[in-house]
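K.L.:
Can you read through this structure? Questions will come right after.
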Amino acid sequence: MGFSHFSRLWKYAAPHLCIVGLQVEVPGYGLVTVDIVYGGAFYAIITDTELGVNVVDSTIEDIANAGQAVTSALQGSTVIEHPDSEDLSFLYGTIITDGKDEWHAEKPTSSICIFAEKQVDRSPCGSGTTGRVALQYHKGQIGLGQQRIFKNSKTMSQFTATALREATLGKYKGVVVEVKGHGYYTGEGLYIREAKDDLGRGFLIN
């Protein structure tokens, strides 16, 4: 059976849960300035120049080491709280960007998302892109209805994202962000349960 590519569309209301201009001492990199923002998970957003790397030209190992260093430094020094879900009250990862945050209709902004002990996202990261748009909107760098291209600087995969409208989530102001991208089928699975399989419906052991 053949499959064609398909589009993915996310619409997420991202509250303005952000810390802007936080200074933190990162071992090996010195005192840096970082933003923390929520877009489905909490991310540290930092420019590559703050860390002395380049998201395009530096090796992925150097970028991942820098991102993990920022995450570790913040996890040891900064309390992060989600207003509705304690399970989300932690820093998921760090996104290192090219710093090109002012809106541009055609030129993309590039980044690398580092999470889970130096894992590197192959895409620009859906929730991370949502967070970046929310942060850019909070800073006045992007307006409602303005679409922006977000690119992974190594794999060159792209999302487009738009701040659609403002929203209110409890006592927090936020913005509804639409993220678009493409995905491709890589396999197919088939699962069956035979009639005589007494455990096929599952079981509970006390």
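In the structure tokens, the first chain shown is A, the next is B, and so on; residue numbers restart at 1 for each chain, and ligands run from 1 in the order shown.
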Considering only C-alpha atoms, return as a list in words whatever protein or nucleic-acid residues lie within 6 Å of segment 117-130 of chain A, sequence-local ones (same chain, fewer than 5 positions apart) excluded.
P.N.:
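Once the adjacent positions are removed, what remains is Gly39, Gly40, Ala64, Gln68, Lys151, Asn152 and Ser157 of chain A.
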K.L.:
Just asking: which residues within chain A are alpha helix (DSSP H) according to DSSP, as a ChimeraX atom specification?
P.N.:
/A:48-51,60-75,126-138
K.L.:
If you count only C-alpha atoms, which residues fall within 12 Å of segment 76-83 of chain A, apart from same-chain ones fewer than 5 positions away, as JSON, numbers by chain?
P.N.:
{"A": [14, 15, 16, 17, 18, 19, 22, 23, 24, 25, 26, 27, 34, 35, 36, 37, 38, 39, 40, 41, 42, 43, 44, 69, 70, 71, 88, 89, 90, 91, 92, 169, 170, 171, 172]}
K.L.:
Store the residues picked out above, limited to N, CA, C and O atoms, as a tab-separated table (two decimals), in the first residue's frame.
P.N.:
```
chain	number	residue	atom	x	y	z
A	14	ALA	N	-1.30	29.61	23.61
A	14	ALA	CA	-0.10	29.69	24.44
A	14	ALA	C	-0.21	30.87	25.39
A	14	ALA	O	-0.21	32.02	24.96
A	15	PRO	N	-0.33	30.62	26.70
A	15	PRO	CA	-0.39	31.74	27.64
A	15	PRO	C	0.97	32.42	27.73
A	15	PRO	O	1.99	31.83	27.43
A	16	HIS	N	0.96	33.68	28.13
A	16	HIS	CA	2.21	34.42	28.27
A	16	HIS	C	2.88	34.03	29.59
A	16	HIS	O	3.04	34.83	30.50
A	17	LEU	N	3.24	32.75	29.70
A	17	LEU	CA	4.00	32.28	30.85
A	17	LEU	C	5.46	32.39	30.47
A	17	LEU	O	6.04	31.47	29.89
A	18	CYS	N	6.05	33.51	30.74
A	18	CYS	CA	7.41	33.70	30.28
A	18	CYS	C	8.21	34.53	31.29
A	18	CYS	O	7.67	35.34	32.03
A	19	ILE	N	9.49	34.24	31.29
A	19	ILE	CA	10.47	35.03	32.03
A	19	ILE	C	11.40	35.62	30.99
A	19	ILE	O	12.04	34.87	30.24
A	22	LEU	N	16.26	36.78	31.69
A	22	LEU	CA	16.83	36.14	32.88
A	22	LEU	C	18.33	35.92	32.68
A	22	LEU	O	18.76	35.40	31.64
A	23	GLN	N	19.13	36.31	33.65
A	23	GLN	CA	20.57	36.07	33.58
A	23	GLN	C	20.93	34.87	34.45
A	23	GLN	O	20.47	34.76	35.59
A	24	VAL	N	21.72	34.00	33.88
A	24	VAL	CA	22.11	32.79	34.59
A	24	VAL	C	23.57	32.46	34.26
A	24	VAL	O	24.03	32.67	33.13
A	25	GLU	N	24.28	31.98	35.24
A	25	GLU	CA	25.67	31.55	35.06
A	25	GLU	C	25.67	30.12	34.56
A	25	GLU	O	25.18	29.21	35.23
A	26	VAL	N	26.21	29.91	33.38
A	26	VAL	CA	26.25	28.59	32.76
A	26	VAL	C	27.71	28.12	32.74
A	26	VAL	O	28.54	28.74	32.08
A	27	PRO	N	28.04	27.06	33.47
A	27	PRO	CA	29.42	26.58	33.49
A	27	PRO	C	29.97	26.34	32.09
A	27	PRO	O	29.35	25.68	31.27
A	34	VAL	N	18.78	34.73	28.97
A	34	VAL	CA	17.89	33.72	28.38
A	34	VAL	C	16.45	34.08	28.71
A	34	VAL	O	16.16	34.73	29.71
A	35	ASP	N	15.54	33.70	27.82
A	35	ASP	CA	14.11	33.80	28.08
A	35	ASP	C	13.56	32.40	28.33
A	35	ASP	O	14.04	31.43	27.74
A	36	ILE	N	12.55	32.30	29.16
A	36	ILE	CA	11.84	31.05	29.38
A	36	ILE	C	10.38	31.26	28.98
A	36	ILE	O	9.76	32.24	29.38
A	37	VAL	N	9.85	30.34	28.18
A	37	VAL	CA	8.49	30.53	27.67
A	37	VAL	C	7.78	29.18	27.59
A	37	VAL	O	8.41	28.13	27.47
A	38	TYR	N	6.45	29.24	27.65
A	38	TYR	CA	5.62	28.03	27.58
A	38	TYR	C	4.89	28.00	26.24
A	38	TYR	O	4.30	29.00	25.82
A	39	GLY	N	4.90	26.83	25.59
A	39	GLY	CA	4.15	26.66	24.36
A	39	GLY	C	3.60	25.26	24.23
A	39	GLY	O	3.50	24.71	23.14
A	40	GLY	N	3.27	24.66	25.38
A	40	GLY	CA	2.90	23.25	25.45
A	40	GLY	C	3.87	22.53	26.35
A	40	GLY	O	3.59	21.47	26.93
A	41	ALA	N	5.04	23.09	26.49
A	41	ALA	CA	6.08	22.72	27.45
A	41	ALA	C	6.93	23.97	27.66
A	41	ALA	O	6.86	24.92	26.87
A	42	PHE	N	7.69	23.99	28.73
A	42	PHE	CA	8.56	25.14	29.00
A	42	PHE	C	9.90	24.96	28.31
A	42	PHE	O	10.52	23.89	28.40
A	43	TYR	N	10.35	26.01	27.63
A	43	TYR	CA	11.64	26.01	26.95
A	43	TYR	C	12.44	27.25	27.34
A	43	TYR	O	11.87	28.33	27.53
A	44	ALA	N	13.74	27.07	27.41
A	44	ALA	CA	14.65	28.21	27.48
A	44	ALA	C	14.96	28.61	26.05
A	44	ALA	O	15.30	27.76	25.21
A	69	ALA	N	23.87	22.47	28.66
A	69	ALA	CA	24.47	23.25	29.74
A	69	ALA	C	23.50	24.31	30.25
A	69	ALA	O	23.38	24.56	31.46
A	70	VAL	N	22.78	24.95	29.32
A	70	VAL	CA	21.79	25.96	29.70
A	70	VAL	C	20.65	25.30	30.49
A	70	VAL	O	20.24	25.80	31.54
A	71	THR	N	20.14	24.20	29.97
A	71	THR	CA	19.05	23.49	30.65
A	71	THR	C	19.46	23.10	32.06
A	71	THR	O	18.71	23.32	33.03
A	88	LEU	N	3.52	19.80	34.37
A	88	LEU	CA	4.19	20.59	33.33
A	88	LEU	C	5.15	21.62	33.91
A	88	LEU	O	5.73	22.40	33.16
A	89	SER	N	5.31	21.60	35.22
A	89	SER	CA	6.13	22.62	35.89
A	89	SER	C	7.61	22.24	35.89
A	89	SER	O	8.23	22.03	36.94
A	90	PHE	N	8.17	22.10	34.72
A	90	PHE	CA	9.59	21.82	34.60
A	90	PHE	C	10.09	22.31	33.24
A	90	PHE	O	9.30	22.50	32.31
A	91	LEU	N	11.38	22.52	33.15
A	91	LEU	CA	12.00	22.97	31.90
A	91	LEU	C	12.25	21.76	31.01
A	91	LEU	O	13.03	20.88	31.35
A	92	TYR	N	11.60	21.74	29.85
A	92	TYR	CA	11.70	20.59	28.96
A	92	TYR	C	12.99	20.59	28.16
A	92	TYR	O	13.56	19.53	27.87
A	169	LEU	N	-6.39	32.72	29.34
A	169	LEU	CA	-6.35	31.42	30.01
A	169	LEU	C	-6.27	31.68	31.51
A	169	LEU	O	-5.19	31.94	32.04
A	170	GLY	N	-7.44	31.65	32.17
A	170	GLY	CA	-7.46	32.01	33.58
A	170	GLY	C	-7.09	33.47	33.74
A	170	GLY	O	-7.65	34.34	33.09
A	171	LYS	N	-6.11	33.74	34.59
A	171	LYS	CA	-5.67	35.12	34.80
A	171	LYS	C	-4.58	35.54	33.83
A	171	LYS	O	-4.07	36.67	33.90
A	172	TYR	N	-4.19	34.63	32.93
A	172	TYR	CA	-3.08	34.92	32.03
A	172	TYR	C	-3.59	35.30	30.64
A	172	TYR	O	-4.51	34.68	30.12
```
K.L.:
Name the residues in contact with segment 97-99 of chain A at a cut-off of 10 Å, using only C-alpha atoms, excluding same-chain residues fewer than 2 positions from it; report them as a short mmCIF file (atom, residue, chain, number, x, y, z; two decimals) with N, CA, C and O atoms, in the first residue's frame.
P.N.:
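For reference, selection-v6.cif as written:
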```
data_model
loop_
_atom_site.label_atom_id
_atom_site.label_comp_id
_atom_site.auth_asym_id
_atom_site.auth_seq_id
_atom_site.Cartn_x
_atom_site.Cartn_y
_atom_site.Cartn_z
N ILE A 45 14.84 29.89 25.75
CA ILE A 45 15.14 30.42 24.42
C ILE A 45 16.36 31.32 24.54
O ILE A 45 16.36 32.29 25.31
N ILE A 46 17.40 31.00 23.77
CA ILE A 46 18.64 31.76 23.87
C ILE A 46 19.27 31.87 22.49
O ILE A 46 19.18 30.94 21.67
N THR A 47 19.91 33.00 22.20
CA THR A 47 20.56 33.18 20.91
C THR A 47 21.92 32.48 20.91
O THR A 47 22.57 32.33 21.95
N ASP A 48 22.34 32.08 19.73
CA ASP A 48 23.62 31.37 19.62
C ASP A 48 24.80 32.24 20.01
O ASP A 48 25.80 31.76 20.56
N THR A 49 24.69 33.55 19.77
CA THR A 49 25.80 34.44 20.11
C THR A 49 26.04 34.51 21.62
O THR A 49 27.17 34.73 22.06
N GLU A 50 25.00 34.31 22.41
CA GLU A 50 25.15 34.30 23.87
C GLU A 50 26.05 33.15 24.31
O GLU A 50 26.73 33.23 25.34
N VAL A 53 28.30 29.94 19.94
CA VAL A 53 28.15 28.93 18.90
C VAL A 53 27.36 29.55 17.75
O VAL A 53 26.89 30.67 17.85
N ASN A 54 27.24 28.79 16.68
CA ASN A 54 26.47 29.24 15.53
C ASN A 54 25.57 28.08 15.11
O ASN A 54 26.06 26.99 14.84
N VAL A 55 24.25 28.33 15.06
CA VAL A 55 23.32 27.22 14.81
C VAL A 55 23.45 26.65 13.40
O VAL A 55 22.97 25.55 13.13
N VAL A 56 24.11 27.38 12.52
CA VAL A 56 24.32 26.89 11.16
C VAL A 56 25.69 26.23 11.03
O VAL A 56 25.81 25.11 10.52
N THR A 94 16.06 23.37 25.80
CA THR A 94 16.58 24.68 25.39
C THR A 94 16.56 24.78 23.87
O THR A 94 16.95 23.84 23.17
N ILE A 95 16.11 25.92 23.38
CA ILE A 95 16.13 26.19 21.94
C ILE A 95 17.14 27.29 21.68
O ILE A 95 17.02 28.41 22.21
N ASP A 101 14.55 37.37 15.40
CA ASP A 101 13.20 37.25 15.93
C ASP A 101 12.22 38.28 15.38
O ASP A 101 11.01 38.10 15.50
N GLU A 102 12.71 39.37 14.83
CA GLU A 102 11.80 40.35 14.24
C GLU A 102 11.13 39.74 13.01
O GLU A 102 11.77 39.10 12.18
N PRO A 108 13.40 33.00 6.87
CA PRO A 108 13.12 32.18 8.05
C PRO A 108 14.06 32.53 9.21
O PRO A 108 15.10 33.16 9.02
N THR A 109 13.68 32.11 10.38
CA THR A 109 14.57 32.13 11.54
C THR A 109 14.94 30.69 11.86
O THR A 109 14.08 29.81 11.88
N SER A 110 16.22 30.45 12.09
CA SER A 110 16.72 29.09 12.29
C SER A 110 17.00 28.81 13.76
O SER A 110 17.34 29.73 14.52
N SER A 111 16.89 27.55 14.12
CA SER A 111 17.13 27.17 15.52
C SER A 111 17.41 25.68 15.62
O SER A 111 17.22 24.92 14.66
N ILE A 112 17.84 25.28 16.81
CA ILE A 112 17.99 23.87 17.17
C ILE A 112 17.39 23.68 18.56
O ILE A 112 17.70 24.46 19.48
N CYS A 113 16.54 22.68 18.71
CA CYS A 113 15.94 22.35 20.00
C CYS A 113 16.67 21.17 20.63
O CYS A 113 16.79 20.11 20.00
N ARG A 132 7.99 30.10 20.82
CA ARG A 132 8.75 31.20 20.21
C ARG A 132 7.80 32.28 19.68
O ARG A 132 8.07 33.47 19.84
N LYS A 151 12.89 27.32 10.86
CA LYS A 151 13.67 26.28 10.20
C LYS A 151 14.65 25.63 11.15
O LYS A 151 15.29 26.30 11.96
N ASN A 152 14.76 24.31 11.07
CA ASN A 152 15.84 23.61 11.76
C ASN A 152 17.11 23.85 10.95
O ASN A 152 17.17 23.53 9.76
N SER A 153 18.12 24.41 11.59
CA SER A 153 19.31 24.87 10.86
C SER A 153 20.19 23.73 10.35
O SER A 153 21.07 23.97 9.53
#
```
K.L.:
Could you check how far atom CA of Asp57 of chain A sits from atom CA of Lys154 of chain A, in Å to one decimal?
P.N.:
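These atoms are spaced 9.0 Å apart.
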K.L.:
Segment 128-162 of chain A: which residues are strand (DSSP E or B) by DSSP, as a VMD selection string?
P.N.:
chain A and resid 147 to 152 158 to 162
K.L.:
Write out the residues from the selection above, keeping C-alpha atoms, as a PDB file, in the first residue's frame.
P.N.:
```pdb
ATOM      1  CA  GLN A 147       3.061  34.226   9.295  1.00  0.00           C
ATOM      2  CA  ARG A 148       6.705  33.356   9.912  1.00  0.00           C
ATOM      3  CA  ILE A 149       8.929  30.509   8.701  1.00  0.00           C
ATOM      4  CA  PHE A 150      10.837  28.547  11.348  1.00  0.00           C
ATOM      5  CA  LYS A 151      13.668  26.284  10.197  1.00  0.00           C
ATOM      6  CA  ASN A 152      15.841  23.611  11.757  1.00  0.00           C
ATOM      7  CA  GLN A 158      10.483  23.935   8.179  1.00  0.00           C
ATOM      8  CA  PHE A 159       7.289  24.942   9.937  1.00  0.00           C
ATOM      9  CA  THR A 160       5.205  28.021   9.350  1.00  0.00           C
ATOM     10  CA  ALA A 161       3.552  29.647  12.337  1.00  0.00           C
ATOM     11  CA  THR A 162       1.064  32.443  12.812  1.00  0.00           C
TER      12      THR A 162
END
```
K.L.:
Select, from A:Lys107, A:Leu31, A:Glu86, A:Phe115, the residue with the minimum atom-to-atom distance to Ile63 of chain A, counting only C-alpha atoms.
P.N.:
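Ranking A:Lys107, A:Leu31, A:Glu86, A:Phe115 by distance to Ile63 of chain A, first place goes to A:Phe115.
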K.L.:
Using only C-alpha atoms, which of A:Tyr29, A:Tyr191, A:Tyr184, A:Phe203 sits nearest Ala66 of chain A?
P.N.:
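Among the listed residues, the smallest separation from Ala66 of chain A belongs to A:Tyr29.
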K.L.:
Quick one: residues within 7 Å of Ala167 of chain A, only C-alpha atoms counted, chain neighbours fewer than 3 positions away excluded, as a count of residues only?
P.N.:
5
K.L.:
Go through A:Ile142, A:Ile96, A:Val177, A:Ala134 and flag the residue nearest Asn65 of chain A, using only C-alpha atoms for the distances.
P.N.:
A:Ile96
